[in-house]
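Coordinates from run.cif are shown below (mmCIF, C-alpha atoms).
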```
data_target
#
loop_
_atom_site.group_PDB
_atom_site.id
_atom_site.type_symbol
_atom_site.label_atom_id
_atom_site.label_comp_id
_atom_site.auth_asym_id
_atom_site.auth_seq_id
_atom_site.Cartn_x
_atom_site.Cartn_y
_atom_site.Cartn_z
ATOM 1 C CA MET A 1 0.144 -27.879 -6.949
ATOM 2 C CA ARG A 2 1.505 -24.841 -5.136
ATOM 3 C CA THR A 3 0.328 -22.523 -7.931
ATOM 4 C CA THR A 4 -3.163 -24.048 -7.823
ATOM 5 C CA THR A 5 -3.319 -23.555 -4.066
ATOM 6 C CA THR A 6 -2.217 -19.936 -4.463
ATOM 7 C CA ILE A 7 -4.845 -19.324 -7.145
ATOM 8 C CA LEU A 8 -7.591 -20.730 -4.931
ATOM 9 C CA ALA A 9 -6.346 -18.725 -1.948
ATOM 10 C CA VAL A 10 -6.395 -15.512 -3.996
ATOM 11 C CA ALA A 11 -9.923 -16.279 -5.236
ATOM 12 C CA VAL A 12 -11.194 -16.896 -1.690
ATOM 13 C CA ALA A 13 -9.462 -13.768 -0.363
ATOM 14 C CA TYR A 14 -10.870 -11.701 -3.230
ATOM 15 C CA TYR A 15 -14.428 -12.919 -2.633
ATOM 16 C CA ALA A 16 -14.269 -12.532 1.150
ATOM 17 C CA THR A 17 -12.854 -9.004 1.061
ATOM 18 C CA ALA A 18 -15.302 -8.062 -1.715
ATOM 19 C CA LYS A 19 -18.184 -8.975 0.591
ATOM 20 C CA VAL A 20 -16.665 -6.772 3.280
ATOM 21 C CA GLY A 21 -16.147 -3.933 0.809
ATOM 22 C CA LEU A 22 -19.708 -4.062 -0.474
ATOM 23 C CA VAL A 23 -20.997 -3.557 3.067
ATOM 24 C CA LEU A 24 -19.368 -0.115 2.856
ATOM 25 C CA ALA A 25 -20.741 0.647 -0.623
ATOM 26 C CA LEU A 26 -21.985 4.170 -1.308
ATOM 27 C CA VAL A 27 -23.551 3.561 -4.731
ATOM 28 C CA LYS A 28 -26.514 1.150 -4.920
ATOM 29 C CA GLY A 29 -24.713 -1.482 -2.882
ATOM 30 C CA GLN A 30 -22.232 -2.007 -5.706
ATOM 31 C CA VAL A 31 -19.485 0.647 -5.663
ATOM 32 C CA THR A 32 -17.380 1.164 -2.562
ATOM 33 C CA PRO A 33 -14.855 3.922 -1.718
ATOM 34 C CA LEU A 34 -12.306 1.362 -0.471
ATOM 35 C CA TRP A 35 -12.101 -1.798 -2.566
ATOM 36 C CA LEU A 36 -9.904 -4.240 -0.663
ATOM 37 C CA PRO A 37 -9.640 -6.895 -3.441
ATOM 38 C CA THR A 38 -7.546 -4.625 -5.673
ATOM 39 C CA GLY A 39 -4.896 -4.306 -2.978
ATOM 40 C CA ILE A 40 -4.901 -8.078 -2.471
ATOM 41 C CA SER A 41 -4.721 -8.731 -6.221
ATOM 42 C CA VAL A 42 -1.798 -6.392 -6.860
ATOM 43 C CA ALA A 43 0.107 -7.697 -3.831
ATOM 44 C CA ALA A 44 -0.495 -11.323 -4.896
ATOM 45 C CA LEU A 45 0.744 -10.601 -8.418
ATOM 46 C CA LEU A 46 3.855 -8.869 -7.112
ATOM 47 C CA MET A 47 4.638 -11.766 -4.767
ATOM 48 C CA SER A 48 3.670 -14.740 -6.977
ATOM 49 C CA GLY A 49 3.734 -13.444 -10.555
ATOM 50 C CA ARG A 50 1.114 -13.204 -13.271
ATOM 51 C CA LYS A 51 0.393 -16.955 -13.225
ATOM 52 C CA ILE A 52 -2.087 -16.437 -10.391
ATOM 53 C CA TRP A 53 -4.381 -14.183 -12.462
ATOM 54 C CA PRO A 54 -7.096 -16.907 -12.721
ATOM 55 C CA GLY A 55 -7.581 -16.542 -8.958
ATOM 56 C CA ILE A 56 -8.338 -12.841 -9.421
ATOM 57 C CA ALA A 57 -10.758 -13.586 -12.262
ATOM 58 C CA LEU A 58 -12.523 -16.339 -10.305
ATOM 59 C CA GLY A 59 -12.846 -14.208 -7.190
ATOM 60 C CA ALA A 60 -14.104 -11.217 -9.178
ATOM 61 C CA LEU A 61 -16.646 -13.355 -11.058
ATOM 62 C CA THR A 62 -18.119 -14.895 -7.916
ATOM 63 C CA ALA A 63 -18.292 -11.498 -6.210
ATOM 64 C CA ASN A 64 -19.841 -9.732 -9.198
ATOM 65 C CA ILE A 65 -22.523 -12.372 -9.751
ATOM 66 C CA GLU A 66 -24.215 -11.199 -6.554
ATOM 67 C CA LEU A 67 -24.422 -7.576 -7.695
ATOM 68 C CA GLY A 68 -27.772 -8.057 -9.412
ATOM 69 C CA ALA A 69 -26.546 -6.921 -12.832
ATOM 70 C CA GLY A 70 -27.054 -8.872 -16.042
ATOM 71 C CA LEU A 71 -24.729 -11.698 -17.030
ATOM 72 C CA GLY A 72 -23.084 -9.618 -19.758
ATOM 73 C CA ALA A 73 -22.357 -6.773 -17.358
ATOM 74 C CA VAL A 74 -20.976 -9.212 -14.779
ATOM 75 C CA VAL A 75 -18.572 -10.708 -17.333
ATOM 76 C CA VAL A 76 -17.423 -7.269 -18.509
ATOM 77 C CA ILE A 77 -16.890 -6.034 -14.944
ATOM 78 C CA THR A 78 -14.932 -9.202 -14.158
ATOM 79 C CA ILE A 79 -12.692 -8.566 -17.161
ATOM 80 C CA GLY A 80 -12.044 -5.030 -15.937
ATOM 81 C CA ASN A 81 -11.396 -6.184 -12.371
ATOM 82 C CA THR A 82 -8.847 -8.692 -13.661
ATOM 83 C CA ALA A 83 -7.193 -6.428 -16.241
ATOM 84 C CA ALA A 84 -6.557 -3.546 -13.828
ATOM 85 C CA PRO A 85 -4.359 -5.480 -11.330
ATOM 86 C CA LEU A 86 -2.527 -7.119 -14.241
ATOM 87 C CA ALA A 87 -1.848 -3.693 -15.737
ATOM 88 C CA ALA A 88 -0.623 -2.472 -12.336
ATOM 89 C CA TRP A 89 1.679 -5.499 -12.019
ATOM 90 C CA TYR A 90 3.059 -4.971 -15.535
ATOM 91 C CA LEU A 91 3.720 -1.259 -15.044
ATOM 92 C CA LEU A 92 5.337 -1.749 -11.653
ATOM 93 C CA THR A 93 7.636 -4.576 -12.774
ATOM 94 C CA ARG A 94 8.387 -2.790 -16.046
ATOM 95 C CA PHE A 95 9.760 0.249 -14.203
ATOM 96 C CA GLY A 96 11.751 -1.678 -11.576
ATOM 97 C CA PHE A 97 9.422 -1.631 -8.576
ATOM 98 C CA ARG A 98 10.796 -3.317 -5.435
ATOM 99 C CA THR A 99 8.406 -4.927 -2.980
ATOM 100 C CA GLN A 100 10.503 -3.725 -0.039
ATOM 101 C CA LEU A 101 9.167 -0.195 -0.747
ATOM 102 C CA ASP A 102 12.454 1.160 0.563
ATOM 103 C CA ARG A 103 12.894 3.836 -2.108
ATOM 104 C CA LEU A 104 10.964 6.972 -2.924
ATOM 105 C CA LYS A 105 10.785 5.662 -6.501
ATOM 106 C CA ASP A 106 8.835 2.606 -5.310
ATOM 107 C CA ALA A 107 6.306 4.734 -3.427
ATOM 108 C CA LEU A 108 5.740 7.025 -6.417
ATOM 109 C CA LEU A 109 5.398 4.065 -8.777
ATOM 110 C CA LEU A 110 2.779 2.480 -6.543
ATOM 111 C CA VAL A 111 0.833 5.744 -6.372
ATOM 112 C CA PHE A 112 0.859 6.816 -10.012
ATOM 113 C CA ALA A 113 1.312 3.561 -11.953
ATOM 114 C CA GLY A 114 -0.149 0.891 -9.685
ATOM 115 C CA ALA A 115 -3.048 2.871 -8.204
ATOM 116 C CA LEU A 116 -4.125 5.995 -10.067
ATOM 117 C CA GLY A 117 -3.086 4.832 -13.528
ATOM 118 C CA ALA A 118 -3.974 1.146 -13.716
ATOM 119 C CA MET A 119 -7.220 1.421 -11.760
ATOM 120 C CA LEU A 120 -8.717 3.659 -14.433
ATOM 121 C CA ILE A 121 -9.188 0.462 -16.436
ATOM 122 C CA SER A 122 -11.540 -1.235 -13.995
ATOM 123 C CA SER A 123 -13.452 1.944 -13.173
ATOM 124 C CA VAL A 124 -14.122 2.917 -16.786
ATOM 125 C CA ILE A 125 -15.068 -0.620 -17.832
ATOM 126 C CA GLY A 126 -17.223 -1.230 -14.764
ATOM 127 C CA THR A 127 -19.068 2.091 -14.922
ATOM 128 C CA THR A 128 -19.756 1.614 -18.628
ATOM 129 C CA ALA A 129 -21.078 -1.912 -18.043
ATOM 130 C CA LEU A 130 -23.448 -0.847 -15.252
ATOM 131 C CA THR A 131 -24.685 2.108 -17.296
ATOM 132 C CA LEU A 132 -25.400 0.056 -20.405
ATOM 133 C CA ASP A 133 -27.105 -2.572 -18.254
ATOM 134 C CA GLY A 134 -29.420 0.071 -16.822
ATOM 135 C CA VAL A 135 -28.247 -0.327 -13.237
ATOM 136 C CA ILE A 136 -27.205 3.324 -12.952
ATOM 137 C CA PRO A 137 -28.588 6.318 -14.882
ATOM 138 C CA TRP A 138 -26.398 8.316 -17.241
ATOM 139 C CA GLN A 139 -26.394 11.410 -15.020
ATOM 140 C CA GLU A 140 -24.713 9.472 -12.210
ATOM 141 C CA ILE A 141 -21.751 8.385 -14.348
ATOM 142 C CA PRO A 142 -19.306 11.038 -12.985
ATOM 143 C CA ALA A 143 -20.107 10.170 -9.364
ATOM 144 C CA VAL A 144 -19.985 6.398 -9.914
ATOM 145 C CA LEU A 145 -16.784 6.642 -11.947
ATOM 146 C CA SER A 146 -15.097 8.752 -9.259
ATOM 147 C CA VAL A 147 -16.160 6.364 -6.487
ATOM 148 C CA TRP A 148 -15.072 3.296 -8.457
ATOM 149 C CA TRP A 149 -11.721 4.719 -9.528
ATOM 150 C CA THR A 150 -10.718 6.161 -6.177
ATOM 151 C CA GLY A 151 -12.043 3.082 -4.365
ATOM 152 C CA ASP A 152 -9.841 0.768 -6.422
ATOM 153 C CA ALA A 153 -6.897 3.153 -6.138
ATOM 154 C CA MET A 154 -7.294 3.429 -2.370
ATOM 155 C CA GLY A 155 -7.400 -0.357 -2.147
ATOM 156 C CA VAL A 156 -3.967 -0.478 -3.773
ATOM 157 C CA LEU A 157 -2.509 2.422 -1.790
ATOM 158 C CA VAL A 158 -3.754 1.187 1.580
ATOM 159 C CA PHE A 159 -3.676 -2.611 1.402
ATOM 160 C CA THR A 160 -0.893 -3.485 -1.047
ATOM 161 C CA PRO A 161 1.837 -1.951 1.204
ATOM 162 C CA LEU A 162 0.193 -3.620 4.206
ATOM 163 C CA LEU A 163 0.257 -7.081 2.608
ATOM 164 C CA LEU A 164 3.786 -6.659 1.254
ATOM 165 C CA THR A 165 4.911 -5.652 4.741
ATOM 166 C CA LEU A 166 3.169 -8.551 6.493
ATOM 167 C CA THR A 167 5.042 -11.071 4.322
ATOM 168 C CA ARG A 168 8.387 -9.906 5.700
ATOM 169 C CA HIS A 169 9.814 -10.893 9.067
ATOM 170 C CA TRP A 170 10.166 -8.042 11.529
ATOM 171 C CA HIS A 171 12.493 -8.499 14.475
ATOM 172 C CA ALA A 172 12.614 -5.937 17.278
ATOM 173 C CA PRO A 173 13.422 -5.851 20.992
ATOM 174 C CA PRO A 174 10.499 -6.043 23.442
ATOM 175 C CA ARG A 175 10.547 -2.299 24.074
ATOM 176 C CA ARG A 176 10.112 -1.551 20.377
ATOM 177 C CA VAL A 177 7.335 -4.133 20.078
ATOM 178 C CA ALA A 178 5.516 -2.513 23.008
ATOM 179 C CA GLU A 179 5.933 0.908 21.435
ATOM 180 C CA ALA A 180 4.553 -0.353 18.110
ATOM 181 C CA ALA A 181 1.564 -2.004 19.801
ATOM 182 C CA ALA A 182 0.780 1.146 21.776
ATOM 183 C CA LEU A 183 1.022 3.206 18.599
ATOM 184 C CA LEU A 184 -1.474 0.963 16.797
ATOM 185 C CA VAL A 185 -3.934 1.071 19.708
ATOM 186 C CA VAL A 186 -3.757 4.859 20.024
ATOM 187 C CA THR A 187 -4.145 5.242 16.269
ATOM 188 C CA ALA A 188 -7.253 3.039 16.254
ATOM 189 C CA VAL A 189 -8.830 4.996 19.124
ATOM 190 C CA LEU A 190 -8.028 8.372 17.568
ATOM 191 C CA ALA A 191 -9.202 7.302 14.104
ATOM 192 C CA SER A 192 -12.534 6.135 15.494
ATOM 193 C CA PHE A 193 -12.994 9.333 17.473
ATOM 194 C CA VAL A 194 -12.125 11.857 14.766
ATOM 195 C CA THR A 195 -14.167 10.143 12.047
ATOM 196 C CA MET A 196 -17.262 9.374 14.119
ATOM 197 C CA SER A 197 -17.509 12.625 16.081
ATOM 198 C CA GLU A 198 -18.733 15.997 14.886
ATOM 199 C CA ALA A 199 -15.576 17.782 16.005
ATOM 200 C CA ARG A 200 -13.899 17.111 12.636
ATOM 201 C CA LEU A 201 -10.453 16.890 14.210
ATOM 202 C CA LEU A 202 -9.174 14.775 11.340
ATOM 203 C CA PHE A 203 -5.634 16.102 11.625
ATOM 204 C CA LEU A 204 -5.127 14.400 15.000
ATOM 205 C CA VAL A 205 -4.258 11.080 13.375
ATOM 206 C CA PHE A 206 -1.337 12.469 11.372
ATOM 207 C CA PRO A 207 1.144 12.734 14.288
ATOM 208 C CA MET A 208 0.580 9.017 14.933
ATOM 209 C CA LEU A 209 1.118 8.201 11.268
ATOM 210 C CA ILE A 210 4.269 10.331 11.067
ATOM 211 C CA TRP A 211 5.610 8.736 14.252
ATOM 212 C CA ALA A 212 4.978 5.267 12.798
ATOM 213 C CA ALA A 213 6.710 6.131 9.510
ATOM 214 C CA LEU A 214 9.767 7.693 11.160
ATOM 215 C CA ARG A 215 10.214 5.028 13.831
ATOM 216 C CA PHE A 216 9.112 1.830 12.087
ATOM 217 C CA GLN A 217 8.665 2.680 8.380
ATOM 218 C CA HIS A 218 6.172 0.499 6.505
ATOM 219 C CA ALA A 219 6.082 -2.195 9.194
ATOM 220 C CA ILE A 220 3.780 -0.047 11.365
ATOM 221 C CA ALA A 221 2.932 2.889 9.088
ATOM 222 C CA ALA A 222 1.051 0.582 6.689
ATOM 223 C CA PRO A 223 -1.217 -0.902 9.422
ATOM 224 C CA CYS A 224 -1.820 2.589 10.824
ATOM 225 C CA ALA A 225 -2.859 3.899 7.404
ATOM 226 C CA ALA A 226 -5.189 0.918 6.938
ATOM 227 C CA ILE A 227 -6.819 1.478 10.335
ATOM 228 C CA ILE A 228 -7.374 5.184 9.647
ATOM 229 C CA SER A 229 -8.780 4.635 6.153
ATOM 230 C CA VAL A 230 -11.145 1.850 7.204
ATOM 231 C CA ALA A 231 -12.462 4.002 10.064
ATOM 232 C CA ALA A 232 -13.076 6.903 7.666
ATOM 233 C CA VAL A 233 -14.886 4.708 5.135
ATOM 234 C CA MET A 234 -17.069 3.147 7.844
ATOM 235 C CA SER A 235 -17.967 6.632 9.013
ATOM 236 C CA ALA A 236 -18.810 7.729 5.452
ATOM 237 C CA ALA A 237 -20.937 4.617 4.886
ATOM 238 C CA GLY A 238 -22.876 5.500 8.025
ATOM 239 C CA GLY A 239 -23.397 9.077 6.844
ATOM 240 C CA LEU A 240 -21.281 10.576 9.636
ATOM 241 C CA PHE A 241 -18.060 11.564 7.897
ATOM 242 C CA VAL A 242 -19.345 14.579 5.967
ATOM 243 C CA GLN A 243 -22.755 16.055 5.217
ATOM 244 C CA GLY A 244 -23.525 16.477 1.512
ATOM 245 C CA ASP A 245 -24.259 14.646 -1.697
ATOM 246 C CA LEU A 246 -22.318 11.632 -2.926
ATOM 247 C CA LEU A 247 -19.768 13.583 -4.948
ATOM 248 C CA ALA A 248 -19.006 15.964 -2.052
ATOM 249 C CA THR A 249 -18.664 13.041 0.332
ATOM 250 C CA MET A 250 -16.295 11.263 -2.034
ATOM 251 C CA ILE A 251 -14.114 14.336 -2.556
ATOM 252 C CA VAL A 252 -13.622 14.852 1.183
ATOM 253 C CA LEU A 253 -13.290 11.150 2.010
ATOM 254 C CA GLN A 254 -10.803 10.276 -0.702
ATOM 255 C CA ALA A 255 -8.794 13.453 -0.174
ATOM 256 C CA TYR A 256 -8.461 12.404 3.467
ATOM 257 C CA ASN A 257 -7.646 8.765 2.670
ATOM 258 C CA GLY A 258 -5.240 9.805 -0.072
ATOM 259 C CA SER A 259 -3.414 12.146 2.294
ATOM 260 C CA VAL A 260 -3.139 9.374 4.873
ATOM 261 C CA ALA A 261 -1.852 6.809 2.353
ATOM 262 C CA LEU A 262 0.627 9.199 0.727
ATOM 263 C CA THR A 263 1.969 10.412 4.075
ATOM 264 C CA GLY A 264 2.643 6.869 5.252
ATOM 265 C CA LEU A 265 4.044 5.639 1.940
ATOM 266 C CA ILE A 266 6.321 8.526 1.043
ATOM 267 C CA LEU A 267 7.599 9.315 4.532
ATOM 268 C CA SER A 268 8.368 5.632 5.175
ATOM 269 C CA ALA A 269 10.197 5.334 1.845
ATOM 270 C CA VAL A 270 12.231 8.499 2.426
ATOM 271 C CA THR A 271 13.121 7.353 5.946
ATOM 272 C CA SER A 272 14.206 3.935 4.617
ATOM 273 C CA GLU A 273 16.398 5.607 1.996
ATOM 274 C CA ARG A 274 17.952 7.820 4.656
ATOM 275 C CA ASN A 275 18.656 4.834 6.906
ATOM 276 C CA GLN A 276 20.206 2.902 4.011
ATOM 277 C CA ALA A 277 22.395 5.880 3.105
ATOM 278 C CA ARG A 278 23.549 6.196 6.704
ATOM 279 C CA GLU A 279 24.373 2.481 6.916
ATOM 280 C CA THR A 280 26.293 2.680 3.635
ATOM 281 C CA ILE A 281 28.314 5.652 4.896
ATOM 282 C CA GLU A 282 29.033 3.885 8.191
ATOM 283 C CA ARG A 283 30.257 0.773 6.364
ATOM 284 C CA ALA A 284 32.422 2.906 4.077
ATOM 285 C CA CYS A 285 33.914 4.703 7.108
ATOM 286 C CA LEU A 286 34.723 1.367 8.790
ATOM 287 C CA GLN A 287 36.354 0.044 5.625
ATOM 288 C CA LEU A 288 38.337 3.260 5.266
ATOM 289 C CA ALA A 289 39.451 3.098 8.907
ATOM 290 C CA GLU A 290 40.550 -0.534 8.457
ATOM 291 C CA THR A 291 42.432 0.343 5.278
ATOM 292 C CA VAL A 292 44.219 3.268 6.963
ATOM 293 C CA ALA A 293 45.070 1.116 9.996
ATOM 294 C CA ASN A 294 46.471 -1.647 7.779
ATOM 295 C CA TYR A 295 48.444 0.873 5.757
ATOM 296 C CA GLN A 296 49.928 2.431 8.892
ATOM 297 C CA GLU A 297 50.780 -0.989 10.328
ATOM 298 C CA GLU A 298 52.473 -1.994 7.089
ATOM 299 C CA GLY A 299 54.440 1.277 7.103
ATOM 300 C CA VAL A 300 55.612 0.695 10.655
ATOM 301 C CA ARG A 301 56.799 -2.837 9.780
ATOM 302 C CA LYS A 302 58.742 -1.529 6.806
ATOM 303 C CA ARG A 303 60.433 1.182 8.868
ATOM 304 C CA LEU A 304 61.358 -1.309 11.594
ATOM 305 C CA GLY A 305 62.699 -3.624 8.947
ATOM 306 C CA ARG A 306 65.066 -0.914 7.713
ATOM 307 C CA VAL A 307 66.195 0.097 11.206
ATOM 308 C CA VAL A 308 66.692 -3.294 12.865
ATOM 309 C CA PRO A 309 69.488 -5.353 11.181
ATOM 310 C CA PRO A 310 68.828 -8.999 10.571
ATOM 311 C CA ALA A 311 70.176 -11.414 13.212
#
```
Give the structure from this file in structure tokens form.
Amino acid sequence: MRTTTTILAVAVAYYATAKVGLVLALVKGQVTPLWLPTGISVAALLMSGRKIWPGIALGALTANIELGAGLGAVVVITIGNTAAPLAAWYLLTRFGFRTQLDRLKDALLLVFAGALGAMLISSVIGTTALTLDGVIPWQEIPAVLSVWWTGDAMGVLVFTPLLLTLTRHWHAPPRRVAEAAALLVVTAVLASFVTMSEARLLFLVFPMLIWAALRFQHAIAAPCAAIISVAAVMSAAGGLFVQGDLLATMIVLQAYNGSVALTGLILSAVTSERNQARETIERACLQLAETVANYQEEGVRKRLGRVVPPA
């Protein structure tokens, strides 16, 4: 019963976020530069296992039916949309990925295996299906493929860490909570300003992201990265982010989003590793101090035993 509920929840989440993603589509209302369902699918597989894959397939099928492509193309795209998250899950679990994302290894695995590697499957299959169905002309294949691939990859890089972080309990004193809330608000304001204005001050968001990663790791860095990326994609969908053709827009947009995601992921992971190493050293020092104190106390008792004669 619990598995069935999870499958249905994944299907609903996939469909709902697909509708949101298609609003931001840059290619014929069908290919978006930030595909949220891939991040949800990979996170759901990592948390619940491969048994929930029917939820991904059902959500992808219902979302793809509304694309206007032929039934054959819809089925093929659904297969690709289901196979890519499964491939990401397999590669990540095969190489020892930990959902805590507290190691540099985990961040690199998510980037190269879960995002860039596995998402080639859905992009190649989907682009081929739309081309053969006549939805897109052959000359647009490079642009569509790049949008599809990077959109799926960005979905994993931006939303999988966010969802994995939200499932964990985060306890902090009121001052830290206030600091985190202020950081999120400032990040949202800055992200909206730098992506919607003509000043092109895109670098202004990085101090906020670095602050979040150093102070709070993924707990706040992941939401900050999501806010920045969504603001950039909304700006690109409105034609404000960069002036140029589709390919030029995608290169600038995904380079920006990739830099944001990688900065948050890698810096948070490195900071977590550093904190763990420090805690390990502190525990080792305490154990060593206790051992030395016990040894000295035992030595004193032995010396007293030799000096003081028994009564």
Original post:
Quick one: distance from atom CA of A:Thr4 to atom CA of A:Gly55 in Å, one decimal?
Top reply: 8.8 Å
Show me, as a tab-separated table, the residues of stretch 100-184 of chain A having an atom within 7 Å of stretch 43-50 of chain A, each with the closest atom pair and its distance in Å, using only C-alpha atoms.
```
residue	atom	partner	partner_atom	distance
A:Thr160	CA	A:Ala43	CA	5.1
A:Leu163	CA	A:Ala43	CA	6.5
A:Leu164	CA	A:Ala43	CA	6.4
```
**OP:** Evaluate the PyMOL selection byres ((chain A and resi 39) around 10) here and jot the selected residues down as a ChimeraX atom specification.
**Re:** /A:14,34-38,40-44,85,114-115,152-164
Subject >> Residue neighbourhood stretch 275-289 of chain A, 12 Å, all atoms listed in the file, exclusion window fewer than 4 positions, as a list of chain:residue names >> reply: A:Asp102, A:Arg103, A:Leu214, A:Arg215, A:Phe216, A:Gln217, A:Ser268, A:Ala269, A:Val270, A:Thr271, A:Ala293, A:Asn294, A:Tyr295, A:Gln296
Could you tell me which residues the PyMOL selection byres ((chain A and resi 207) around 12) returns for this structure, as a PDB file with C-alpha atoms, in the coordinates of the input?
```
ATOM      1  CA  LEU A 183       1.022   3.206  18.599  1.00  0.00           C
ATOM      2  CA  VAL A 186      -3.757   4.859  20.024  1.00  0.00           C
ATOM      3  CA  THR A 187      -4.145   5.242  16.269  1.00  0.00           C
ATOM      4  CA  LEU A 190      -8.028   8.372  17.568  1.00  0.00           C
ATOM      5  CA  ALA A 191      -9.202   7.302  14.104  1.00  0.00           C
ATOM      6  CA  LEU A 202      -9.174  14.775  11.340  1.00  0.00           C
ATOM      7  CA  PHE A 203      -5.634  16.102  11.625  1.00  0.00           C
ATOM      8  CA  LEU A 204      -5.127  14.400  15.000  1.00  0.00           C
ATOM      9  CA  VAL A 205      -4.258  11.080  13.375  1.00  0.00           C
ATOM     10  CA  PHE A 206      -1.337  12.469  11.372  1.00  0.00           C
ATOM     11  CA  MET A 208       0.580   9.017  14.933  1.00  0.00           C
ATOM     12  CA  LEU A 209       1.118   8.201  11.268  1.00  0.00           C
ATOM     13  CA  ILE A 210       4.269  10.331  11.067  1.00  0.00           C
ATOM     14  CA  TRP A 211       5.610   8.736  14.252  1.00  0.00           C
ATOM     15  CA  ALA A 212       4.978   5.267  12.798  1.00  0.00           C
ATOM     16  CA  ALA A 213       6.710   6.131   9.510  1.00  0.00           C
ATOM     17  CA  LEU A 214       9.767   7.693  11.160  1.00  0.00           C
ATOM     18  CA  ARG A 215      10.214   5.028  13.831  1.00  0.00           C
ATOM     19  CA  ALA A 221       2.932   2.889   9.088  1.00  0.00           C
ATOM     20  CA  CYS A 224      -1.820   2.589  10.824  1.00  0.00           C
ATOM     21  CA  ALA A 225      -2.859   3.899   7.404  1.00  0.00           C
ATOM     22  CA  VAL A 260      -3.139   9.374   4.873  1.00  0.00           C
ATOM     23  CA  THR A 263       1.969  10.412   4.075  1.00  0.00           C
ATOM     24  CA  GLY A 264       2.643   6.869   5.252  1.00  0.00           C
TER      25      GLY A 264
END
```
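Take the candidates A:Ala88, A:Val10, A:Ala219, A:Ala226 and check each one against A:Arg168 using all atoms listed in the file; the shortest distance goes to A:Ala219.
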Original post:
Which distance in Å separates atom CA of A:Arg176 and atom CA of A:His218, to one decimal?
Top reply: 14.6 Å
Original post:
Mind pulling up the distance from atom CA of A:Glu140 to atom CA of A:Asn257?
Top reply: 22.7 Å
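Residue nearest A:Val75, chosen from A:Ile121, A:Ile220, A:Trp53, A:Thr62 and counting all atoms listed in the file: A:Thr62.
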**OP:** List the residues selected by the PyMOL selection byres ((chain A and resi 195) around 12) in the file shown, writing them as a PyMOL selection string.
**Re:** chain A and resi 187-194+196-205+227-242+252-253+256-257
Original post:
Looking at only C-alpha atoms, which of A:Leu24, A:Ala69, A:Ile77, A:Leu8 is the one that sits closest to A:Ile136?
Top reply: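 Checking each candidate against A:Ile136, we get A:Ala69 as the closest.
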Original post:
From the list A:Thr291, A:Thr165, A:Thr6, A:Ser259, which residue is nearest A:Gln100 when using all atoms listed in the file?
Top reply: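 Among the listed residues, A:Thr165 lies closest to A:Gln100.
With only C-alpha atoms taken into account, the protein and nucleic acid residues at most 8 Å from A:Asn64 (excluding it and anything under 4 positions from it in its own chain) are A:Ala60, A:Val74, A:Ile77, A:Thr78.
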Original post:
Counting all atoms listed in the file, what is within 9 Å of A:Ala129, bar same-chain residues fewer than 4 positions away, as a PyMOL selection string?
Top reply: chain A and resi 72-74+76-77+124-125+133-135
Original post:
Which of these residues is nearest to A:Asp106, using only C-alpha atoms: A:Val300, A:Leu86, A:Met119, A:Ile266?
Top reply: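 Of the candidates, the smallest distance to A:Asp106 is held by A:Ile266.
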Subject >> Residue contacts of A:Ala255 (10 Å, all atoms listed in the file) excluding same-chain residues fewer than 6 positions away, as a VMD selection string >> reply: chain A and resid 150 249 261
Show me, as a PDB file with C-alpha atoms, keeping the file's coordinate frame, the residues that have an atom within 7 Å of A:Phe97 when counting only C-alpha atoms, minus same-chain residues fewer than 4 positions from it.
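The resulting file, part22.pdb, is shown below:
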```pdb
ATOM      1  CA  LEU A  92       5.337  -1.749 -11.653  1.00  0.00           C
ATOM      2  CA  THR A  93       7.636  -4.576 -12.774  1.00  0.00           C
ATOM      3  CA  ASP A 106       8.835   2.606  -5.310  1.00  0.00           C
ATOM      4  CA  LEU A 109       5.398   4.065  -8.777  1.00  0.00           C
TER       5      LEU A 109
END
```
Mind completing stretch 45-53 of chain A with N, CA and C atoms? Output as a PDB file, in the coordinates of the input, please?
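Resulting contents of part_1.pdb:
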```
ATOM      1  N   LEU A  45       0.008 -10.574  -7.153  1.00  0.00           N
ATOM      2  CA  LEU A  45       0.744 -10.601  -8.418  1.00  0.00           C
ATOM      3  C   LEU A  45       2.206 -10.246  -8.209  1.00  0.00           C
ATOM      4  N   LEU A  46       2.471  -9.269  -7.363  1.00  0.00           N
ATOM      5  CA  LEU A  46       3.855  -8.869  -7.112  1.00  0.00           C
ATOM      6  C   LEU A  46       4.632  -9.967  -6.393  1.00  0.00           C
ATOM      7  N   MET A  47       3.958 -10.727  -5.534  1.00  0.00           N
ATOM      8  CA  MET A  47       4.638 -11.766  -4.767  1.00  0.00           C
ATOM      9  C   MET A  47       4.735 -13.092  -5.523  1.00  0.00           C
ATOM     10  N   SER A  48       3.727 -13.421  -6.332  1.00  0.00           N
ATOM     11  CA  SER A  48       3.670 -14.740  -6.977  1.00  0.00           C
ATOM     12  C   SER A  48       3.758 -14.705  -8.495  1.00  0.00           C
ATOM     13  N   GLY A  49       3.647 -13.528  -9.100  1.00  0.00           N
ATOM     14  CA  GLY A  49       3.734 -13.444 -10.555  1.00  0.00           C
ATOM     15  C   GLY A  49       2.369 -13.526 -11.228  1.00  0.00           C
ATOM     16  N   ARG A  50       2.376 -13.311 -12.535  1.00  0.00           N
ATOM     17  CA  ARG A  50       1.114 -13.204 -13.271  1.00  0.00           C
ATOM     18  C   ARG A  50       0.381 -14.539 -13.399  1.00  0.00           C
ATOM     19  N   LYS A  51       1.037 -15.642 -13.073  1.00  0.00           N
ATOM     20  CA  LYS A  51       0.393 -16.955 -13.225  1.00  0.00           C
ATOM     21  C   LYS A  51      -0.798 -17.145 -12.302  1.00  0.00           C
ATOM     22  N   ILE A  52      -0.969 -16.276 -11.321  1.00  0.00           N
ATOM     23  CA  ILE A  52      -2.087 -16.437 -10.391  1.00  0.00           C
ATOM     24  C   ILE A  52      -3.301 -15.605 -10.814  1.00  0.00           C
ATOM     25  N   TRP A  53      -3.265 -15.024 -12.023  1.00  0.00           N
ATOM     26  CA  TRP A  53      -4.381 -14.183 -12.462  1.00  0.00           C
ATOM     27  C   TRP A  53      -5.722 -14.925 -12.505  1.00  0.00           C
TER      28      TRP A  53
END
```
